[in-house]
file target-v6.cif (mmCIF, C-alpha atoms and all ligand atoms)
data_upload
loop_
_atom_site.label_atom_id
_atom_site.label_comp_id
_atom_site.auth_asym_id
_atom_site.auth_seq_id
_atom_site.Cartn_x
_atom_site.Cartn_y
_atom_site.Cartn_z
CA MET A 1 0.00 0.00 0.00
CA SER A 2 3.08 2.22 -0.04
CA GLU A 3 1.92 3.79 -3.31
CA PHE A 4 -1.03 5.60 -1.66
CA PRO A 5 0.40 9.07 -0.88
CA VAL A 6 -1.02 9.34 2.63
CA GLY A 7 1.83 11.57 3.86
CA LYS A 8 1.24 14.11 1.11
CA ILE A 9 -2.53 13.92 1.56
CA ARG A 10 -2.18 14.70 5.26
CA GLU A 11 -0.48 17.98 4.36
CA ASP A 12 -3.80 19.08 2.81
CA PHE A 13 -5.51 18.90 6.24
CA PRO A 14 -4.12 21.65 8.50
CA VAL A 15 -5.71 20.33 11.69
CA LEU A 16 -3.88 17.02 11.40
CA SER A 17 -0.58 18.68 12.23
CA ARG A 18 -1.72 20.11 15.55
CA GLU A 19 -1.12 18.75 19.02
CA VAL A 20 -3.57 18.12 21.85
CA TYR A 21 -2.37 17.77 25.45
CA GLY A 22 1.16 18.07 24.06
CA LYS A 23 0.70 14.97 21.88
CA PRO A 24 0.29 14.80 18.09
CA LEU A 25 -3.42 14.64 17.32
CA ILE A 26 -4.74 11.31 16.09
CA TYR A 27 -8.18 11.95 14.73
CA PHE A 28 -10.30 8.79 14.78
CA ASP A 29 -13.72 10.45 14.97
CA ASN A 30 -14.35 10.74 11.25
CA GLY A 31 -17.75 9.04 11.52
CA ALA A 32 -18.91 12.07 13.51
CA THR A 33 -17.34 14.63 11.18
CA THR A 34 -14.36 14.67 8.85
CA GLN A 35 -11.58 17.25 8.71
CA LYS A 36 -11.43 19.73 5.85
CA PRO A 37 -8.66 20.01 3.27
CA VAL A 38 -7.23 23.42 2.34
CA GLN A 39 -8.87 23.00 -1.07
CA VAL A 40 -12.27 23.31 0.66
CA ILE A 41 -11.25 25.90 3.25
CA GLU A 42 -9.83 28.16 0.54
CA VAL A 43 -12.90 27.97 -1.70
CA ILE A 44 -15.16 28.96 1.19
CA ASN A 45 -12.81 31.75 2.18
CA GLN A 46 -12.54 33.02 -1.40
CA PHE A 47 -16.30 33.05 -1.95
CA HIS A 48 -16.86 34.99 1.27
CA ARG A 49 -14.14 37.48 0.36
CA GLU A 50 -14.88 37.98 -3.32
CA HIS A 51 -18.16 36.57 -4.54
CA ASN A 52 -20.73 36.74 -1.77
CA ALA A 53 -24.27 37.63 -2.92
CA SER A 54 -27.64 35.92 -2.71
CA ILE A 55 -28.20 33.21 -5.31
CA HIS A 56 -31.05 33.01 -7.84
CA ARG A 57 -32.70 36.28 -6.82
CA SER A 58 -30.77 39.39 -7.75
CA VAL A 59 -29.84 41.01 -11.03
CA ASN A 60 -26.24 41.87 -10.32
CA PHE A 61 -22.81 40.63 -11.28
CA LEU A 62 -21.99 38.97 -7.97
CA SER A 63 -25.32 37.22 -7.78
CA ASP A 64 -24.98 35.90 -11.33
CA THR A 65 -21.46 34.64 -10.61
CA ILE A 66 -22.34 32.83 -7.42
CA THR A 67 -25.57 31.41 -8.85
CA ALA A 68 -23.52 29.91 -11.68
CA SER A 69 -21.09 28.37 -9.15
CA TYR A 70 -23.97 26.99 -7.08
CA GLU A 71 -25.51 25.35 -10.13
CA GLU A 72 -22.07 24.03 -11.15
CA ALA A 73 -21.89 22.47 -7.68
CA ARG A 74 -25.11 20.66 -8.53
CA VAL A 75 -23.59 19.26 -11.72
CA THR A 76 -20.45 18.19 -9.80
CA THR A 77 -22.65 16.40 -7.26
CA GLN A 78 -24.79 14.81 -9.96
CA ARG A 79 -21.66 13.44 -11.65
CA PHE A 80 -20.19 12.25 -8.35
CA LEU A 81 -23.34 10.20 -7.76
CA ASN A 82 -23.84 9.36 -11.45
CA ALA A 83 -27.40 10.70 -11.30
CA THR A 84 -29.03 11.16 -14.66
CA LYS A 85 -29.86 14.87 -14.30
CA PRO A 86 -28.69 17.79 -12.13
CA SER A 87 -32.33 18.41 -11.15
CA GLU A 88 -32.37 15.05 -9.32
CA THR A 89 -29.88 16.53 -6.83
CA ILE A 90 -31.49 18.54 -4.03
CA PHE A 91 -29.27 20.53 -1.68
CA THR A 92 -30.20 20.32 2.00
CA SER A 93 -28.54 21.05 5.33
CA GLY A 94 -27.45 17.43 5.85
CA ALA A 95 -28.45 13.78 5.74
CA THR A 96 -30.92 14.38 8.57
CA ALA A 97 -32.73 17.05 6.55
CA SER A 98 -32.66 14.90 3.42
CA ILE A 99 -34.30 11.98 5.22
CA ASN A 100 -36.84 14.24 6.94
CA LEU A 101 -37.72 15.66 3.53
CA VAL A 102 -38.53 12.22 2.13
CA ALA A 103 -40.27 10.99 5.29
CA PHE A 104 -42.51 14.07 5.24
CA SER A 105 -43.18 14.47 1.54
CA PHE A 106 -43.42 10.78 0.69
CA GLY A 107 -45.50 10.20 3.81
CA GLU A 108 -47.95 12.97 2.93
CA THR A 109 -48.57 11.50 -0.50
CA TYR A 110 -48.22 7.76 -0.22
CA ILE A 111 -48.68 6.65 3.40
CA HIS A 112 -52.12 5.87 4.79
CA PRO A 113 -53.42 4.33 8.03
CA GLY A 114 -52.31 0.70 8.31
CA ASP A 115 -49.37 1.10 5.92
CA GLU A 116 -45.87 -0.10 6.76
CA VAL A 117 -42.31 1.17 6.42
CA ILE A 118 -39.27 -1.15 6.57
CA LEU A 119 -36.10 0.02 8.38
CA SER A 120 -33.18 -2.00 9.71
CA THR A 121 -31.67 -2.66 13.13
CA LEU A 122 -28.53 -0.84 11.96
CA GLU A 123 -30.14 2.57 11.53
CA HIS A 124 -28.93 5.88 12.97
CA HIS A 125 -31.67 7.80 14.79
CA SER A 126 -31.80 10.12 11.77
CA ASN A 127 -33.21 7.25 9.74
CA ILE A 128 -35.62 6.14 12.46
CA VAL A 129 -37.15 9.19 14.11
CA PRO A 130 -38.39 10.99 10.95
CA TRP A 131 -40.16 7.77 9.90
CA LEU A 132 -41.60 7.26 13.36
CA MET A 133 -42.91 10.85 13.38
CA MET A 134 -44.49 10.28 9.98
CA CYS A 135 -45.98 6.93 11.06
CA GLU A 136 -47.49 8.54 14.17
CA ARG A 137 -49.01 11.27 12.01
CA LYS A 138 -50.39 8.90 9.39
CA GLY A 139 -51.34 5.86 11.51
CA ALA A 140 -48.66 3.67 9.91
CA SER A 141 -46.06 1.37 11.49
CA ILE A 142 -42.44 0.28 11.21
CA LYS A 143 -41.04 -3.18 10.56
CA VAL A 144 -37.40 -3.91 11.23
CA ILE A 145 -34.87 -6.03 9.33
CA PRO A 146 -32.99 -8.13 11.90
CA ILE A 147 -29.20 -8.57 11.91
CA SER A 148 -26.87 -11.50 12.57
CA ASP A 149 -24.54 -11.51 15.57
CA GLN A 150 -21.82 -10.22 13.19
CA GLY A 151 -23.97 -7.18 12.45
CA GLU A 152 -25.07 -8.14 8.94
CA LEU A 153 -28.60 -7.76 7.64
CA ASP A 154 -30.68 -10.93 7.43
CA LEU A 155 -31.88 -10.67 3.83
CA GLU A 156 -34.08 -13.75 4.02
CA ALA A 157 -35.97 -12.24 6.93
CA PHE A 158 -36.06 -8.94 5.02
CA ALA A 159 -37.80 -10.56 2.03
CA GLN A 160 -40.44 -11.94 4.40
CA LEU A 161 -41.32 -8.48 5.76
CA PHE A 162 -43.10 -7.31 2.60
CA ASN A 163 -46.85 -7.37 2.27
CA LYS A 164 -49.55 -5.37 0.49
CA ARG A 165 -49.17 -2.53 3.01
CA THR A 166 -45.42 -2.00 2.59
CA ARG A 167 -44.83 1.47 1.13
CA ILE A 168 -41.11 2.25 1.43
CA VAL A 169 -37.80 0.75 2.63
CA ALA A 170 -35.20 3.03 4.25
CA VAL A 171 -31.81 1.52 5.11
CA THR A 172 -28.32 2.71 5.73
CA HIS A 173 -25.61 1.98 3.17
CA VAL A 174 -22.91 1.67 5.85
CA SER A 175 -23.47 1.27 9.60
CA ASN A 176 -22.09 4.21 11.58
CA VAL A 177 -21.45 1.87 14.52
CA LEU A 178 -20.20 -1.39 13.00
CA GLY A 179 -18.95 -0.36 9.57
CA THR A 180 -21.15 -3.04 7.96
CA ILE A 181 -21.50 -2.37 4.23
CA ASN A 182 -25.03 -3.34 3.31
CA PRO A 183 -25.73 -5.03 -0.03
CA VAL A 184 -27.77 -2.08 -1.24
CA GLU A 185 -28.19 -3.30 -4.82
CA GLU A 186 -29.72 -6.55 -3.58
CA ILE A 187 -31.91 -4.67 -1.10
CA VAL A 188 -33.21 -2.48 -3.92
CA LYS A 189 -33.83 -5.52 -6.17
CA ILE A 190 -35.83 -7.29 -3.48
CA SER A 191 -37.80 -4.12 -2.72
CA HIS A 192 -38.52 -3.28 -6.34
CA SER A 193 -39.64 -6.85 -7.03
CA ASN A 194 -42.27 -6.11 -4.36
CA GLY A 195 -43.10 -2.77 -6.03
CA VAL A 196 -41.60 -0.76 -3.11
CA PRO A 197 -39.18 2.21 -3.45
CA VAL A 198 -35.98 2.50 -1.40
CA LEU A 199 -34.19 5.33 0.39
CA ILE A 200 -30.51 4.72 1.13
CA ASP A 201 -28.89 6.67 3.96
CA GLY A 202 -25.42 7.20 2.55
CA ALA A 203 -24.08 9.36 5.39
CA GLN A 204 -21.34 6.81 6.20
CA ALA A 205 -20.80 5.46 2.69
CA ILE A 206 -20.20 8.36 0.33
CA GLN A 207 -16.76 9.12 1.85
CA HIS A 208 -15.48 5.54 1.63
CA GLY A 209 -16.07 4.37 -1.95
CA PRO A 210 -17.72 5.03 -5.29
CA VAL A 211 -21.51 5.49 -5.17
CA ASP A 212 -23.45 5.09 -8.42
CA VAL A 213 -27.13 5.75 -7.82
CA GLN A 214 -28.08 4.39 -11.25
CA LYS A 215 -26.26 1.12 -10.59
CA ILE A 216 -27.77 0.84 -7.11
CA ASP A 217 -31.10 1.84 -8.69
CA CYS A 218 -32.25 3.38 -5.39
CA ASP A 219 -35.10 5.85 -5.45
CA PHE A 220 -33.51 8.23 -2.92
CA TYR A 221 -29.96 8.63 -1.59
CA ALA A 222 -29.07 10.97 1.30
CA PHE A 223 -25.75 12.23 2.65
CA SER A 224 -24.10 15.05 4.63
CA GLY A 225 -21.39 17.41 3.39
CA HIS A 226 -19.46 17.53 6.67
CA LYS A 227 -18.85 13.76 6.67
CA VAL A 228 -17.34 13.88 3.19
CA TYR A 229 -14.67 16.53 3.92
CA GLY A 230 -17.05 19.39 3.09
CA PRO A 231 -18.62 22.10 5.27
CA THR A 232 -21.18 21.60 8.00
CA GLY A 233 -24.76 22.58 7.26
CA THR A 234 -24.66 21.09 3.77
CA GLY A 235 -26.20 17.91 2.45
CA VAL A 236 -27.69 16.19 -0.53
CA LEU A 237 -30.80 14.31 -1.39
CA TYR A 238 -30.72 12.43 -4.67
CA GLY A 239 -34.18 11.40 -5.86
CA LYS A 240 -35.39 9.84 -9.07
CA GLU A 241 -37.24 12.45 -11.04
CA LYS A 242 -40.38 10.31 -11.21
CA TRP A 243 -40.66 10.51 -7.40
CA LEU A 244 -39.53 14.09 -6.90
CA GLU A 245 -42.07 15.30 -9.44
CA THR A 246 -44.95 13.74 -7.51
CA LEU A 247 -43.89 14.69 -3.96
CA PRO A 248 -45.10 17.94 -2.35
CA PRO A 249 -42.50 20.35 -0.92
CA TRP A 250 -41.65 19.78 2.74
CA GLN A 251 -40.90 23.44 3.52
CA GLY A 252 -42.41 26.63 2.14
CA GLY A 253 -40.64 29.93 1.53
CA GLY A 254 -38.71 31.92 -1.01
CA ASP A 255 -37.22 30.33 -4.13
CA MET A 256 -39.42 27.22 -4.01
CA ILE A 257 -42.43 29.02 -5.48
CA ASP A 258 -43.66 29.84 -8.95
CA ARG A 259 -46.49 32.22 -7.99
CA VAL A 260 -47.92 33.23 -4.62
CA THR A 261 -51.25 34.83 -3.70
CA PHE A 262 -53.02 34.72 -0.35
CA GLU A 263 -55.33 32.09 -1.82
CA LYS A 264 -52.91 29.76 -3.56
CA THR A 265 -49.24 29.00 -4.18
CA THR A 266 -47.84 27.18 -7.17
CA TYR A 267 -44.41 25.64 -6.82
CA ASN A 268 -41.14 26.04 -8.69
CA GLU A 269 -39.70 23.28 -10.84
CA LEU A 270 -37.20 20.70 -9.63
CA PRO A 271 -34.87 20.98 -7.84
CA LEU A 272 -35.83 24.39 -6.42
CA LYS A 273 -39.24 23.13 -5.27
CA PHE A 274 -37.35 21.46 -2.40
CA GLU A 275 -34.91 24.28 -1.61
CA ALA A 276 -37.01 26.81 0.34
CA GLY A 277 -35.29 29.92 1.66
CA THR A 278 -31.65 30.89 1.44
CA THR A 279 -29.58 27.73 1.39
CA ASN A 280 -26.01 27.48 2.67
CA PHE A 281 -24.91 28.35 -0.84
CA ILE A 282 -21.24 29.02 -0.13
CA GLY A 283 -21.15 25.82 1.90
CA ILE A 284 -22.62 23.93 -1.06
CA ILE A 285 -19.88 25.33 -3.31
CA GLY A 286 -17.42 24.11 -0.66
CA LEU A 287 -19.07 20.69 -0.73
CA ALA A 288 -18.52 20.52 -4.49
CA ALA A 289 -14.86 21.43 -3.87
CA ALA A 290 -14.65 18.50 -1.43
CA LEU A 291 -16.12 16.10 -4.02
CA GLU A 292 -13.67 17.42 -6.65
CA TYR A 293 -10.85 16.92 -4.14
CA LEU A 294 -11.82 13.27 -3.62
CA LYS A 295 -12.03 12.77 -7.37
CA SER A 296 -8.54 14.24 -7.77
CA ILE A 297 -7.18 11.56 -5.39
CA SER A 298 -9.52 8.90 -6.87
CA ILE A 299 -12.31 7.53 -4.74
CA LYS A 300 -11.35 4.01 -5.91
CA GLU A 301 -7.81 4.51 -4.57
CA ILE A 302 -9.28 5.77 -1.31
CA GLU A 303 -11.45 2.67 -1.07
CA SER A 304 -8.52 0.40 -1.70
CA TYR A 305 -6.27 2.17 0.88
CA GLU A 306 -9.06 2.03 3.44
CA LYS A 307 -9.40 -1.75 2.87
CA HIS A 308 -5.78 -2.02 3.91
CA ILE A 309 -6.55 0.11 6.99
CA VAL A 310 -9.50 -2.17 7.85
CA THR A 311 -7.34 -5.30 7.70
CA TYR A 312 -4.52 -3.72 9.70
CA ALA A 313 -6.76 -2.27 12.41
CA SER A 314 -8.96 -5.39 12.71
CA ASN A 315 -5.87 -7.56 13.26
CA ALA A 316 -4.26 -5.10 15.67
CA LEU A 317 -7.37 -4.55 17.80
CA GLN A 318 -8.09 -8.27 18.04
CA GLN A 319 -4.66 -8.80 19.64
CA ILE A 320 -5.56 -6.59 22.60
CA ASP A 321 -6.25 -8.38 25.82
CA GLY A 322 -9.96 -8.34 26.67
CA LEU A 323 -11.05 -6.22 23.72
CA LYS A 324 -14.44 -7.14 22.28
CA LEU A 325 -14.87 -5.90 18.72
CA PHE A 326 -18.42 -5.63 17.41
CA GLY A 327 -19.51 -6.17 13.82
CA PRO A 328 -17.87 -7.74 10.79
CA THR A 329 -14.07 -7.89 10.59
CA GLY A 330 -13.50 -8.44 6.86
CA HIS A 331 -15.58 -6.57 4.30
CA LYS A 332 -16.46 -3.33 6.09
CA ALA A 333 -15.83 0.39 6.29
CA PRO A 334 -13.01 1.53 8.65
CA VAL A 335 -15.30 1.91 11.66
CA PHE A 336 -14.42 -0.05 14.82
CA SER A 337 -16.75 -0.32 17.79
CA PHE A 338 -15.42 -2.07 20.84
CA ILE A 339 -15.45 -2.47 24.60
CA LEU A 340 -12.28 -3.05 26.58
CA ASN A 341 -12.72 -5.61 29.35
CA GLN A 342 -15.35 -4.30 31.79
CA ILE A 343 -14.16 -0.73 31.43
CA HIS A 344 -16.85 1.85 30.73
CA PRO A 345 -16.45 3.18 27.15
CA TYR A 346 -16.46 6.74 28.48
CA ASP A 347 -13.46 6.04 30.72
CA THR A 348 -11.56 4.45 27.84
CA GLY A 349 -12.40 7.44 25.63
CA VAL A 350 -11.29 10.01 28.21
CA ILE A 351 -7.96 8.32 28.88
CA ILE A 352 -7.00 7.87 25.23
CA ASP A 353 -8.08 11.45 24.55
CA LYS A 354 -5.41 12.57 27.00
CA LEU A 355 -2.95 10.57 24.92
CA GLY A 356 -3.97 12.57 21.85
CA ILE A 357 -6.43 10.13 20.30
CA ALA A 358 -9.92 11.40 19.46
CA VAL A 359 -12.65 8.75 19.39
CA ARG A 360 -16.34 8.77 20.21
CA THR A 361 -18.05 6.87 22.99
CA GLY A 362 -21.70 6.19 23.81
CA THR A 363 -24.65 4.95 21.79
CA HIS A 364 -23.66 6.69 18.53
CA CYS A 365 -27.28 7.74 17.88
CA ALA A 366 -28.17 4.08 17.42
CA MET A 367 -29.97 3.02 20.61
CA PRO A 368 -31.96 0.17 18.99
CA LEU A 369 -28.68 -1.30 17.73
CA MET A 370 -27.15 -1.00 21.22
CA ASP A 371 -30.15 -2.92 22.56
CA ARG A 372 -29.59 -5.63 19.95
CA LEU A 373 -25.88 -5.84 20.86
CA GLY A 374 -26.82 -5.94 24.53
CA VAL A 375 -24.60 -3.02 25.53
CA ASP A 376 -25.13 0.50 26.86
CA GLY A 377 -22.51 1.92 24.53
CA THR A 378 -19.16 1.32 22.86
CA VAL A 379 -15.94 3.10 22.01
CA ARG A 380 -15.90 3.92 18.30
CA ALA A 381 -12.76 4.59 16.30
CA SER A 382 -13.77 5.70 12.82
CA LEU A 383 -10.90 6.04 10.37
CA CYS A 384 -10.48 7.35 6.88
CA PHE A 385 -7.93 7.79 4.10
CA TYR A 386 -5.72 10.30 5.96
CA ASN A 387 -5.19 7.90 8.85
CA THR A 388 -2.12 5.67 8.97
CA THR A 389 -1.04 2.30 10.32
CA GLU A 390 1.33 4.13 12.70
CA GLU A 391 -1.68 5.88 14.21
CA ILE A 392 -3.38 2.51 14.67
CA ASP A 393 -0.25 1.30 16.51
CA ARG A 394 -0.56 4.35 18.78
CA LEU A 395 -4.18 3.44 19.50
CA VAL A 396 -3.13 -0.08 20.45
CA GLU A 397 -0.48 1.31 22.83
CA ALA A 398 -3.02 3.70 24.34
CA LEU A 399 -5.49 0.88 24.92
CA ASP A 400 -2.74 -1.09 26.66
CA VAL A 401 -2.30 1.91 28.98
CA VAL A 402 -6.05 1.89 29.71
CA ASN A 403 -5.91 -1.83 30.41
CA THR A 404 -3.01 -1.36 32.79
CA MET A 405 -4.71 1.50 34.61
CA LEU A 406 -8.25 0.17 34.90
CA SER A 407 -8.51 -3.58 34.34
N1 LIG B 501 -27.11 8.63 9.07
C1 LIG B 501 -25.99 8.07 9.53
C2 LIG B 501 -25.69 6.64 9.20
C3 LIG B 501 -25.12 8.82 10.31
O1 LIG B 501 -24.00 8.27 10.79
C4 LIG B 501 -25.44 10.16 10.60
C5 LIG B 501 -24.58 10.97 11.48
O2 LIG B 501 -23.74 10.49 12.18
C6 LIG B 501 -26.62 10.69 10.07
C7 LIG B 501 -27.43 9.90 9.31
C8 LIG B 501 -27.00 12.12 10.34
O3 LIG B 501 -26.10 12.98 9.74
P1 LIG B 501 -26.19 14.56 10.03
O4 LIG B 501 -26.20 14.72 11.50
O5 LIG B 501 -24.95 15.09 9.36
O6 LIG B 501 -27.44 15.04 9.37
#
call {"tool": "encode", "arguments": {"input": "target-v6.cif", "output": "structure tokens"}}
result
Amino acid sequence: MSEFPVGKIREDFPVLSREVYGKPLIYFDNGATTQKPVQVIEVINQFHREHNASIHRSVNFLSDTITASYEEARVTTQRFLNATKPSETIFTSGATASINLVAFSFGETYIHPGDEVILSTLEHHSNIVPWLMMCERKGASIKVIPISDQGELDLEAFAQLFNKRTRIVAVTHVSNVLGTINPVEEIVKISHSNGVPVLIDGAQAIQHGPVDVQKIDCDFYAFSGHKVYGPTGTGVLYGKEKWLETLPPWQGGGDMIDRVTFEKTTYNELPLKFEAGTTNFIGIIGLAAALEYLKSISIKEIESYEKHIVTYASNALQQIDGLKLFGPTGHKAPVFSFILNQIHPYDTGVIIDKLGIAVRTGTHCAMPLMDRLGVDGTVRASLCFYNTTEEIDRLVEALDVVNTMLS
């Protein structure tokens, strides 16, 4: 794996060269948010300094310039996802907003009392709560795809969940807790053979490998900008045009309208129908810069380097005395959830933080999954393409220190 230029890539991320508590920072909390390369920071800075004006609405030079960049960002995002048209790409404030949009708008149109929605045990709260809110409003209910003890979806049980009342399936592409990569193409095939559309929550997938929404054939795909090296407060919802055309807007306001009177409003065309109000337009341009940055490295190369990281870290962590690693160990994203002996995850997290290593502890917004695993929480180290095997060695040493102090 020596050919992957990780050392050079790290130079693009200013924060990676800082120290915490007098120790070089090791950032293993990428599942929560990723660091930003200078290529993104500089674009945001430049647009604030030189091109700031409101998009779509004004007749002036700056507004025209920034509107063009915003719409170019849409084309960049469309190409990154291999969507058929730019208008199938809706900009939102994040994966949470994208999922809420579909849960609301799809629910308003297609869900009736007695209907059912299928989710999985692996879901983040962002792909549970919006559906639950919609089900409570519409008198519908949720069915759940079970998982194996290794944290993989039980597809046979999934196929049995469909009936005449099933209206939509919403599953994560990659588990934020276990790193499980779900077989999304197969999930879509099974769902479509039952005449049911599928939303994929790609919040933990888009940063780890190529995503081709036409190949997956999903009806909706959601992700957040800040988890893919872009700015916070940005996100994307891909939707097939045939669905987006039929769904009502989920928020009303400026830009999403065609004509407004006090009696009636008619709505703008796609994609603006779903982009009410002033979006985080400079952030969205920064998100496009992040996607371009990944393309310049090659998302395939990133995927292949991260496979090496998965193998190295899985082997290293399994050597640690009393460490219980949850989820699959082979084919997975570089996300490692574990408990060390009987030590509370919070205590482990606090001690290794003092040694310079940033991880997350707790339920990771996935309480139903914690219940299934039979734990109150875990320590989660979530890695990405700027992390190194030397950093993994440092984590192992730090966990040995925790073991010595608290076991
Ligand atoms: N879905 C998954 C799988 C996630 O891991 C997260 C965040 O951690 C979300 C959705 C929500 O993302 P955001 O908070 O950026 O909207």
call {"tool": "closest_atom_pairs", "arguments": {"input": "target-v6.cif", "of": "chain A", "to": "ligand LIG 501 (chain B)", "cutoff": "7 Å", "atoms": "all atoms listed in the file", "output": "Markdown table"}}
result
| residue | atom | partner | partner_atom | distance |
| --- | --- | --- | --- | --- |
| A:Gly31 | CA | B:LIG501 | O2 | 6.2 |
| A:Ala32 | CA | B:LIG501 | O2 | 5.3 |
| A:Gly94 | CA | B:LIG501 | O6 | 4.3 |
| A:Ala95 | CA | B:LIG501 | O6 | 4.0 |
| A:Thr96 | CA | B:LIG501 | O6 | 3.6 |
| A:Ala97 | CA | B:LIG501 | O6 | 6.3 |
| A:Glu123 | CA | B:LIG501 | C2 | 6.5 |
| A:His124 | CA | B:LIG501 | C1 | 5.0 |
| A:Ser126 | CA | B:LIG501 | C7 | 5.0 |
| A:Asn127 | CA | B:LIG501 | N1 | 6.3 |
| A:Thr172 | CA | B:LIG501 | C2 | 5.9 |
| A:Val174 | CA | B:LIG501 | C2 | 6.6 |
| A:Ser175 | CA | B:LIG501 | C2 | 5.8 |
| A:Asn176 | CA | B:LIG501 | O1 | 4.6 |
| A:Asp201 | CA | B:LIG501 | N1 | 5.8 |
| A:Gly202 | CA | B:LIG501 | C2 | 6.7 |
| A:Ala203 | CA | B:LIG501 | C1 | 4.7 |
| A:Gln204 | CA | B:LIG501 | C2 | 5.3 |
| A:Ser224 | CA | B:LIG501 | O5 | 4.8 |
| A:His226 | CA | B:LIG501 | O5 | 6.6 |
| A:Lys227 | CA | B:LIG501 | O5 | 6.8 |
call {"tool": "residues_near_point", "arguments": {"input": "target-v6.cif", "point": "(-29.5, 9.0, -3.6)", "cutoff": "6 Å", "atoms": "only C-alpha atoms", "output": "ChimeraX atom specification"}}
result
/A:213,220-222,237-239
call {"tool": "residues_around", "arguments": {"input": "target-v6.cif", "residues": "region 347-355 of chain A", "least_positions_apart": "4", "cutoff": "12 Å", "atoms": "all atoms listed in the file", "output": "PyMOL selection string"}}
result
chain A and resi 19-29+323+337-343+359-362+377-381+391+394-407
call {"tool": "closest_residue", "arguments": {"input": "target-v6.cif", "among": "A:Ile181, A:Leu199, A:Val43, A:Ile99", "to": "Ile118 (chain A)", "atoms": "all atoms listed in the file"}}
result
A:Leu199
call {"tool": "closest_residue", "arguments": {"input": "target-v6.cif", "among": "A:Leu270, A:Ala68, A:Leu178, A:Ile147", "to": "Lys240 (chain A)", "atoms": "all atoms listed in the file"}}
result
A:Leu270
